[in-house]
Each structure stands twice: as C-alpha cells, then as structure tokens.
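Student: Structure file data-v7.cif, mmCIF, C-alpha atoms, is pasted below:
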```cif
data_query
#
loop_
_atom_site.group_PDB
_atom_site.id
_atom_site.type_symbol
_atom_site.label_atom_id
_atom_site.label_comp_id
_atom_site.auth_asym_id
_atom_site.auth_seq_id
_atom_site.Cartn_x
_atom_site.Cartn_y
_atom_site.Cartn_z
ATOM 1 C CA MET A 1 151.885 70.872 120.892
ATOM 2 C CA GLN A 2 153.810 68.139 122.582
ATOM 3 C CA ASP A 3 156.584 67.269 120.144
ATOM 4 C CA GLN A 4 157.566 70.473 118.416
ATOM 5 C CA ALA A 5 160.416 69.090 116.269
ATOM 6 C CA PRO A 6 158.167 67.947 113.358
ATOM 7 C CA MET A 7 156.257 71.245 113.487
ATOM 8 C CA GLU A 8 159.492 73.253 113.475
ATOM 9 C CA GLU A 9 160.727 71.231 110.505
ATOM 10 C CA SER A 10 157.429 71.704 108.649
ATOM 11 C CA ALA A 11 157.582 75.449 109.347
ATOM 12 C CA ARG A 12 161.163 75.675 108.094
ATOM 13 C CA ARG A 13 160.285 73.767 104.914
ATOM 14 C CA ALA A 14 157.104 75.780 104.365
ATOM 15 C CA ALA A 15 159.071 79.017 104.759
ATOM 16 C CA ALA A 16 161.431 77.713 102.066
ATOM 17 C CA GLY A 17 158.478 77.278 99.681
ATOM 18 C CA ASP A 18 157.477 73.622 100.204
ATOM 19 C CA GLU A 19 153.694 73.629 99.584
ATOM 20 C CA ALA A 20 153.163 70.112 101.007
ATOM 21 C CA ALA A 21 154.937 71.151 104.210
ATOM 22 C CA LEU A 22 152.706 74.228 104.444
ATOM 23 C CA ASP A 23 149.580 72.063 104.076
ATOM 24 C CA ARG A 24 150.835 69.699 106.825
ATOM 25 C CA LEU A 25 151.720 72.646 109.045
ATOM 26 C CA LEU A 26 148.316 74.320 108.677
ATOM 27 C CA THR A 27 146.528 71.047 109.444
ATOM 28 C CA GLU A 28 148.753 70.405 112.453
ATOM 29 C CA ILE A 29 148.472 73.861 114.026
ATOM 30 C CA ARG A 30 144.739 74.439 113.496
ATOM 31 C CA PRO A 31 143.510 72.962 116.824
ATOM 32 C CA GLU A 32 146.159 74.879 118.788
ATOM 33 C CA VAL A 33 145.390 78.099 116.913
ATOM 34 C CA VAL A 34 141.686 77.787 117.784
ATOM 35 C CA ARG A 35 142.602 77.195 121.467
ATOM 36 C CA ARG A 36 144.946 80.184 121.499
ATOM 37 C CA CYS A 37 142.350 82.424 119.852
ATOM 38 C CA ALA A 38 139.794 81.317 122.446
ATOM 39 C CA ARG A 39 142.142 82.645 125.148
ATOM 40 C CA PHE A 40 141.652 86.123 123.680
ATOM 41 C CA LEU A 41 138.083 86.067 122.403
ATOM 42 C CA PRO A 42 135.347 84.757 124.717
ATOM 43 C CA CYS A 43 132.850 83.904 121.959
ATOM 44 C CA ARG A 44 133.642 80.581 120.243
ATOM 45 C CA GLU A 45 132.490 81.790 116.809
ATOM 46 C CA ASP A 46 134.720 84.874 117.048
ATOM 47 C CA ALA A 47 137.666 82.713 118.110
ATOM 48 C CA GLU A 48 137.094 80.391 115.159
ATOM 49 C CA GLU A 49 136.907 83.347 112.752
ATOM 50 C CA ALA A 50 140.133 84.730 114.191
ATOM 51 C CA ALA A 51 141.709 81.274 113.857
ATOM 52 C CA GLN A 52 140.829 81.254 110.153
ATOM 53 C CA ASP A 53 142.471 84.680 109.847
ATOM 54 C CA VAL A 54 145.569 83.316 111.597
ATOM 55 C CA LEU A 55 145.806 80.327 109.266
ATOM 56 C CA LEU A 56 145.407 82.618 106.265
ATOM 57 C CA GLN A 57 148.146 84.931 107.588
ATOM 58 C CA VAL A 58 150.446 81.973 108.206
ATOM 59 C CA ALA A 59 149.845 80.699 104.670
ATOM 60 C CA ARG A 60 150.430 84.131 103.147
ATOM 61 C CA HIS A 61 153.405 85.155 105.255
ATOM 62 C CA ILE A 62 155.213 81.927 106.161
ATOM 63 C CA THR A 63 158.213 83.148 104.157
ATOM 64 C CA ALA A 64 158.627 85.875 106.806
ATOM 65 C CA PHE A 65 159.375 83.147 109.362
ATOM 66 C CA GLN A 66 163.170 83.082 109.419
ATOM 67 C CA GLY A 67 163.689 80.485 112.136
ATOM 68 C CA ARG A 68 165.501 82.854 114.517
ATOM 69 C CA SER A 69 162.935 81.985 117.187
ATOM 70 C CA ARG A 70 160.692 78.973 117.598
ATOM 71 C CA PHE A 71 157.808 78.718 115.149
ATOM 72 C CA GLY A 72 155.389 78.607 118.111
ATOM 73 C CA THR A 73 156.635 82.033 119.189
ATOM 74 C CA TRP A 74 156.152 83.455 115.707
ATOM 75 C CA LEU A 75 152.718 81.833 115.543
ATOM 76 C CA TYR A 76 151.624 83.257 118.887
ATOM 77 C CA THR A 77 152.500 86.730 117.622
ATOM 78 C CA VAL A 78 150.268 86.165 114.592
ATOM 79 C CA VAL A 79 147.500 84.862 116.891
ATOM 80 C CA ALA A 80 147.742 87.892 119.193
ATOM 81 C CA ASN A 81 147.665 90.329 116.280
ATOM 82 C CA CYS A 82 144.750 88.610 114.535
ATOM 83 C CA CYS A 83 142.722 88.392 117.747
ATOM 84 C CA ARG A 84 143.283 92.045 118.527
ATOM 85 C CA GLN A 85 142.277 92.910 114.956
ATOM 86 C CA LYS A 86 139.147 90.740 115.205
ATOM 87 C CA TYR A 87 138.233 92.429 118.495
ATOM 88 C CA ARG A 88 138.599 95.907 116.938
ATOM 89 C CA GLU A 89 136.485 94.757 113.979
ATOM 90 C CA LEU A 90 133.771 93.421 116.311
ATOM 91 C CA LYS A 91 133.774 96.665 118.298
ATOM 92 C CA ARG A 92 133.537 98.738 115.123
ATOM 93 C CA ARG A 93 130.681 96.574 113.843
ATOM 94 C CA ALA A 94 128.833 96.900 117.159
ATOM 95 C CA VAL A 95 129.079 100.698 117.000
ATOM 96 C CA GLU A 96 127.997 100.846 113.364
ATOM 97 C CA GLN A 97 125.111 98.389 113.735
ATOM 98 C CA PRO A 98 123.939 98.207 117.335
ATOM 99 C CA ALA A 99 121.817 95.101 117.714
ATOM 100 C CA ALA A 100 118.576 95.166 119.613
ATOM 101 C CA ILE A 101 118.808 92.828 122.586
ATOM 102 C CA GLU A 102 115.766 90.674 123.028
ATOM 103 C CA PRO A 103 114.757 90.038 126.654
ATOM 104 C CA ALA A 104 115.504 86.311 126.243
ATOM 105 C CA HIS A 105 119.102 87.136 125.246
ATOM 106 C CA VAL A 106 119.970 89.493 128.085
ATOM 107 C CA VAL A 107 123.051 88.168 129.817
ATOM 108 C CA ASP A 108 122.605 87.182 133.436
ATOM 109 C CA PRO A 109 125.692 88.515 135.246
ATOM 110 C CA ARG A 110 125.484 85.631 137.744
ATOM 111 C CA THR A 111 126.117 83.121 134.952
ATOM 112 C CA THR A 112 128.537 85.114 132.808
ATOM 113 C CA SER A 113 132.027 83.679 132.799
ATOM 114 C CA VAL A 114 134.481 85.713 134.822
ATOM 115 C CA ILE A 115 137.208 84.498 132.471
ATOM 116 C CA ALA A 116 135.306 85.713 129.410
ATOM 117 C CA GLY A 117 134.727 89.075 131.087
ATOM 118 C CA SER A 118 138.369 89.395 132.006
ATOM 119 C CA ARG A 119 139.421 88.626 128.408
ATOM 120 C CA VAL A 120 137.155 91.370 127.088
ATOM 121 C CA ASP A 121 138.541 93.719 129.727
ATOM 122 C CA LEU A 122 142.074 92.828 128.670
ATOM 123 C CA LEU A 123 141.276 93.438 125.003
ATOM 124 C CA GLU A 124 139.722 96.787 125.938
ATOM 125 C CA ALA A 125 142.838 97.669 127.941
ATOM 126 C CA LEU A 126 145.114 96.666 125.045
ATOM 127 C CA ASP A 127 143.011 98.723 122.652
ATOM 128 C CA ARG A 128 143.266 101.751 124.941
ATOM 129 C CA LEU A 129 146.996 101.217 125.478
ATOM 130 C CA GLU A 130 147.493 101.061 121.721
ATOM 131 C CA ARG A 131 145.695 104.387 121.297
ATOM 132 C CA GLU A 132 147.492 106.142 124.147
ATOM 133 C CA HIS A 133 150.943 104.466 124.254
ATOM 134 C CA PRO A 134 151.438 102.286 121.142
ATOM 135 C CA HIS A 135 155.106 101.565 121.911
ATOM 136 C CA LEU A 136 154.066 99.753 125.097
ATOM 137 C CA VAL A 137 151.745 97.201 123.460
ATOM 138 C CA ALA A 138 154.304 94.748 122.016
ATOM 139 C CA PRO A 139 156.233 94.248 125.290
ATOM 140 C CA LEU A 140 153.004 93.587 127.187
ATOM 141 C CA VAL A 141 151.600 91.207 124.556
ATOM 142 C CA TYR A 142 154.834 89.244 124.119
ATOM 143 C CA ARG A 143 155.662 88.889 127.808
ATOM 144 C CA ASP A 144 152.350 88.806 129.665
ATOM 145 C CA ILE A 145 149.976 87.352 127.080
ATOM 146 C CA CYS A 146 152.254 85.217 124.907
ATOM 147 C CA GLN A 147 154.310 84.414 128.033
ATOM 148 C CA LEU A 148 157.629 84.559 126.214
ATOM 149 C CA GLU A 149 160.855 84.710 128.180
ATOM 150 C CA TYR A 150 162.156 88.266 128.563
ATOM 151 C CA ALA A 151 165.008 87.781 126.075
ATOM 152 C CA GLU A 152 162.728 86.244 123.461
ATOM 153 C CA ALA A 153 160.117 88.993 123.964
ATOM 154 C CA ALA A 154 162.812 91.643 123.505
ATOM 155 C CA GLU A 155 163.989 89.948 120.315
ATOM 156 C CA ARG A 156 160.448 89.726 118.907
ATOM 157 C CA ALA A 157 159.807 93.391 119.783
ATOM 158 C CA GLY A 158 163.138 94.369 118.242
ATOM 159 C CA ILE A 159 164.319 96.273 121.299
ATOM 160 C CA PRO A 160 167.083 95.775 123.898
ATOM 161 C CA LEU A 161 166.229 93.703 126.970
ATOM 162 C CA GLY A 162 166.462 96.696 129.332
ATOM 163 C CA THR A 163 164.100 98.704 127.132
ATOM 164 C CA LEU A 164 161.639 95.813 127.061
ATOM 165 C CA LYS A 165 161.649 95.570 130.860
ATOM 166 C CA SER A 166 161.190 99.322 131.217
ATOM 167 C CA ARG A 167 158.323 99.432 128.704
ATOM 168 C CA LEU A 168 156.722 96.370 130.242
ATOM 169 C CA HIS A 169 156.802 98.001 133.675
ATOM 170 C CA GLU A 170 155.256 101.170 132.236
ATOM 171 C CA ALA A 171 152.610 99.193 130.306
ATOM 172 C CA ARG A 172 151.601 97.243 133.413
ATOM 173 C CA LYS A 173 151.389 100.500 135.374
ATOM 174 C CA HIS A 174 148.927 101.906 132.801
ATOM 175 C CA VAL A 175 146.869 98.732 132.308
ATOM 176 C CA ARG A 176 146.500 97.678 135.964
ATOM 177 C CA PRO A 177 144.022 100.436 136.960
ATOM 178 C CA TRP A 178 142.017 99.929 133.770
ATOM 179 C CA LEU A 179 141.591 96.245 134.579
ATOM 180 C CA SER A 180 140.804 96.768 138.260
ATOM 181 C CA ALA A 181 138.217 99.463 137.413
ATOM 182 C CA SER A 182 136.217 96.947 135.375
#
```
As structure tokens, what does this structure read like?
Tutor:
Amino acid sequence: MQDQAPMEESARRAAAGDEAALDRLLTEIRPEVVRRCARFLPCREDAEEAAQDVLLQVARHITAFQGRSRFGTWLYTVVANCCRQKYRELKRRAVEQPAAIEPAHVVDPRTTSVIAGSRVDLLEALDRLEREHPHLVAPLVYRDICQLEYAEAAERAGIPLGTLKSRLHEARKHVRPWLSAS
C-alpha cells in the first residue's frame, strides 16, 4: 500500500456510510489482505478464506473505524483476529474429522517450508497464550506481529504504554520457550 491517503479517505467515507467508498476500499485492500493473511496461515487456500472473512468483517464493521489510528492499523487488527479464528477453526475441524493421509501426500520434512512451520508454531503459541494468559495476547499481536509502534499498540490494546511494555515482556517470556521447543 504505497500511497495511503486515498485509502484513508475511502475508509473515512465508508465509515460514514458511503457505500461506493466501501466498494472501492474493499477492492483496493483485497490484495494486501490476502498477503497479510498468508503471513499467518501457511496454506494459500486457508489464507484466501481468512481474507474473505476479513473483507466481510470490514464491510460489516467499518462504522467501528473511528479514524483515531491509521486504517491500515485497524485493518491489521482485523486480519490478525480473523487469521487466529481461522486457525482455531482448522484445528477444531482436524480434531473432529481426522483425515487419512495417503502415502503420496505425506509431507517430506526436507522440503517443508521453514517459514510455514514457524507460522504454525506461532499460531500454536498464540493459541496457548490465549488459553493460559489471555491478557498478554493483544500486546504481543499488536507489537510483534502487526509491528505497530509501542504507543500505537498501547492505544489499540486500550492500556497505558508502561502496561503494554510489561505485558509484552511477559508474553515474550512465555512464548519464547514454546517456539524454541518446536
């Protein structure tokens, strides 16, 4: 998203109820949403499904965008939440309906993407953190995954800057061993 001014204006207008602006916005952000979802979900089809969920959430909840932060920041929060939800849904589905793996479809660990593996590990760690320490998830997602500045992450999480830094430190302390154990 090179020039964000038109997107910000479209988001502001869409939030005010302009349907044409919402249509333009959804068309404009779709490629970036798919790319952002692919950062979380290693399977392209899952990322595209999550992207559709994101676009639907944006369309349904654009009036919640108040313009206090950049639209891209608000959007990344929606992306992170939808991807985490999609991951939980995929995990639940896998437990409920375990698929038989045919020998031709067994994954060769020598050719499996390290990046894809690390994304799954991160989603697992976030899922575990949410179960064990739910108050630590938002600081970690906003700062380390969405890569927001500390002040902006604190604002999005609705907590003071010092609290964000403290929770972020604690979240990293919990997540680090889970990721290195993988």
Student: Which residues, written as a PyMOL selection string, have at least one atom at most 10 Å from Gly17 in chain A, with all atoms listed in the file counted and residues fewer than 5 positions away on the same chain left out?
Tutor: chain A and resi 11-12+22+62-63
Student: Which one of A:Arg70, A:Arg156, A:Asp46, A:Leu56 sits closest to Arg88 in chain A if you count all atoms listed in the file?
Tutor: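 Of the candidates, the smallest distance to Arg88 in chain A is held by A:Asp46.
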Student: Taking all atoms listed in the file into account, which of A:Ala50, A:Ile145, A:Ala15, A:Ala21 comes nearest Glu89 in chain A?
Tutor: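 Using all atoms listed in the file, the shortest distance to Glu89 in chain A belongs to A:Ala50.
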Student: Which value, in Å to one decimal, gives the distance between CA of Leu148 in chain A and CA of His135 in chain A?
Tutor: 17.7 Å
Student: Translate the PyMOL selection byres ((chain A and resi 128-133) around 12) into a concrete residue list for this structure, as a ChimeraX atom specification.
Tutor: /A:84-85,88,121-127,134-141,167-168,170-179
Student: For a test of reading the model, state the distance in Å between CA of Tyr142 in chain A and CA of Thr77 in chain A, rounded to one decimal.
Tutor: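 Interatomic distance here is 7.3 Å.
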Student: For CA of Tyr76 in chain A and CA of Ala14 in chain A, determine how far apart the two atoms are, in Å to one decimal place.
Tutor: 17.2 Å
Student: Please give the centre and size of the box around range 158-161 of chain A (axis-aligned, containing every atom listed in the file, 6 Å added per side), with values in Å to one decimal and written as lines of an AutoDock Vina configuration file.
Tutor:
```
center_x = 165.1
center_y = 95.0
center_z = 122.6
size_x = 15.9
size_y = 14.6
size_z = 20.7
```
Student: Point out the residue among A:Ala38, A:Leu90, A:Cys146, A:Leu55 with the least atom-to-atom distance to Leu26 in chain A, counting all atoms listed in the file.
Tutor: A:Leu55
Student: Could you check which of A:Val58, A:Arg93, A:Ala64, A:Leu41 is closest to Val78 in chain A, using all atoms listed in the file?
Tutor: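 Ranked by minimum distance to Val78 in chain A, first place goes to A:Val58.
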Student: With only C-alpha atoms as the atoms that count, which of A:Phe71, A:Ser180, A:Thr27, A:Arg39 lies nearest to Ala5 in chain A?
Tutor: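 Among the listed residues, A:Phe71 lies closest to Ala5 in chain A.
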Student: Give me the residues within 10 Å of Glu49 in chain A as a short mmCIF file (atom, residue, chain, number, x, y, z; two decimals) with C-alpha atoms, in the coordinates of the input, counting all atoms listed in the file and dropping any in the same chain fewer than 5 places off.
Tutor:
```
data_model
loop_
_atom_site.label_atom_id
_atom_site.label_comp_id
_atom_site.auth_asym_id
_atom_site.auth_seq_id
_atom_site.Cartn_x
_atom_site.Cartn_y
_atom_site.Cartn_z
CA VAL A 34 141.69 77.79 117.78
CA CYS A 37 142.35 82.42 119.85
CA ARG A 44 133.64 80.58 120.24
CA VAL A 54 145.57 83.32 111.60
CA CYS A 82 144.75 88.61 114.54
CA CYS A 83 142.72 88.39 117.75
CA LYS A 86 139.15 90.74 115.20
#
```
Student: Kindly resolve the PyMOL selection byres ((chain A and resi 152-155) around 8) on the present coordinates and return the residues as number ranges by chain.
Tutor: A: 69, 139, 142-143, 148-151, 156-161, 164
Student: Take the residues from that selection and put them in a file with C-alpha atoms, as a compact mmCIF listing (two decimals), keeping the file's coordinate frame.
Tutor:
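This went into result-v4.txt:
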```txt
# COMPACT_ATOMS: atom_id res chain seq x y z
CA SER A 69 162.94 81.98 117.19
CA PRO A 139 156.23 94.25 125.29
CA TYR A 142 154.83 89.24 124.12
CA ARG A 143 155.66 88.89 127.81
CA LEU A 148 157.63 84.56 126.21
CA GLU A 149 160.85 84.71 128.18
CA TYR A 150 162.16 88.27 128.56
CA ALA A 151 165.01 87.78 126.08
CA ARG A 156 160.45 89.73 118.91
CA ALA A 157 159.81 93.39 119.78
CA GLY A 158 163.14 94.37 118.24
CA ILE A 159 164.32 96.27 121.30
CA PRO A 160 167.08 95.78 123.90
CA LEU A 161 166.23 93.70 126.97
CA LEU A 164 161.64 95.81 127.06
```
Student: Report as a list in words the full result of the PyMOL selection byres ((chain A and resi 7) around 9) when it is applied to this structure.
Tutor: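 Residues picked by the PyMOL selection byres ((chain A and resi 7) around 9): Met1, Asp3, Gln4, Ala5, Pro6, Glu8, Glu9, Ser10, Ala11, Arg12, Arg24, Leu25, Glu28, Ile29, Phe71 and Gly72 of chain A.
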Student: My list of candidates is A:Arg36, A:Arg60, A:Gln52, A:Phe65. Which is closest to Ala16 in chain A when distances are computed with all atoms listed in the file?
Tutor: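 Looking only at the distances to Ala16 in chain A, the closest residue turns out to be A:Phe65.
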